[in-house]
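Peer 1: Just passing along the structure, written as structure tokens.
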Amino acid sequence: MTVVARKTVSREVSLQKIWVKDTTVVLRQDQRVREGMLIAKYPNGTVRLETSPGVFEEYAADEIQTVAPIKAP
């Protein structure tokens, strides 16, 4: 790419989504712990989690005890 004064250039770049576990959800009923990538947290408290690449789970607010980020090592 050459830089020229007073010229702009558009460039298309395709981004890849990288799956990284970043959230822990603890469920009320059986204290089950689910880990994955947080996809969405809705206003009604529902949480959508990707537990492995392409596998999505959704939990209602009344099912969830805690939602916390996973701390980096």
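A note on labels: chains of the structure tokens are A, B, ... as shown, every chain counts residues from 1, and ligands are counted from 1 in their shown order.
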Apply DSSP to the structure's backbone, then extract all residues of chain A labelled strand (DSSP E or B) and return them as a PyMOL selection string.
Peer 2: chain A and resi 23-27+33-41+47-52+55-59+64-69
Peer 1: For Leu38 (chain A), which residue out of A:Ser14, A:Thr66, A:Thr8, A:Thr24 is the nearest one, using only C-alpha atoms?
Peer 2: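 Among the listed residues, the smallest separation from Leu38 (chain A) belongs to A:Thr24.
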Peer 1: Might you pull out every residue within 10 Å of Phe56 (chain A), with only C-alpha atoms counted and same-chain residues fewer than 4 positions away left off, and present them as a PyMOL selection string?
Peer 2: chain A and resi 36-39+48-52
Peer 1: Considering only C-alpha atoms, can you say which of A:Ala40, A:Arg11, A:Glu35, A:Gly54 comes closest to Ile70 (chain A)?
Peer 2: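 Among the listed residues, the smallest separation from Ile70 (chain A) belongs to A:Glu35.
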Peer 1: Need the shell around Thr46 (chain A): protein/DNA/RNA residues with any atom at most 7 Å away, counting only C-alpha atoms. Skip same-chain ones fewer than 4 positions apart. Format as a ChimeraX atom specification?
Peer 2: /A:41-42,58-61
Peer 1: Would you put the residues from that selection into a file with C-alpha atoms, as a short mmCIF file (atom, residue, chain, number, x, y, z; two decimals), in the first residue's frame?
Peer 2:
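The new file again-v4.cif reads:
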```
data_model
loop_
_atom_site.label_atom_id
_atom_site.label_comp_id
_atom_site.auth_asym_id
_atom_site.auth_seq_id
_atom_site.Cartn_x
_atom_site.Cartn_y
_atom_site.Cartn_z
CA LYS A 41 -27.45 -10.33 28.47
CA TYR A 42 -31.03 -9.19 27.90
CA GLU A 58 -29.94 -19.62 27.23
CA TYR A 59 -30.86 -19.23 30.90
CA ALA A 60 -33.77 -17.23 32.31
CA ALA A 61 -33.11 -14.77 35.15
#
```
Peer 1: Need the shell around Ala68 (chain A): protein/DNA/RNA residues with any atom at most 9 Å away, counting only C-alpha atoms. Skip same-chain ones fewer than 6 positions apart. Format as number ranges by chain?
Peer 2: A: 22-26
Peer 1: At what distance in Å, to one decimal, does CA of Lys21 (chain A) lie from CA of Val47 (chain A)?
Peer 2: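 Those two atoms sit 14.6 Å apart.
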Peer 1: Using only C-alpha atoms, pick whichever of A:Ile18, A:Val33, A:Val4, A:Val9 has the shortest atom-to-atom distance to Glu63 (chain A).
Peer 2: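 Among the listed residues, A:Val33 lies closest to Glu63 (chain A).
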Peer 1: Which residue out of A:Pro73, A:Val67, A:Arg6, A:Asp62 has the minimum interatomic distance to Arg28 (chain A) when only C-alpha atoms are used?
Peer 2: A:Asp62
Peer 1: Quick one, how far is CA of Glu57 (chain A) from CA of Pro69 (chain A)?
Peer 2: 16.7 Å
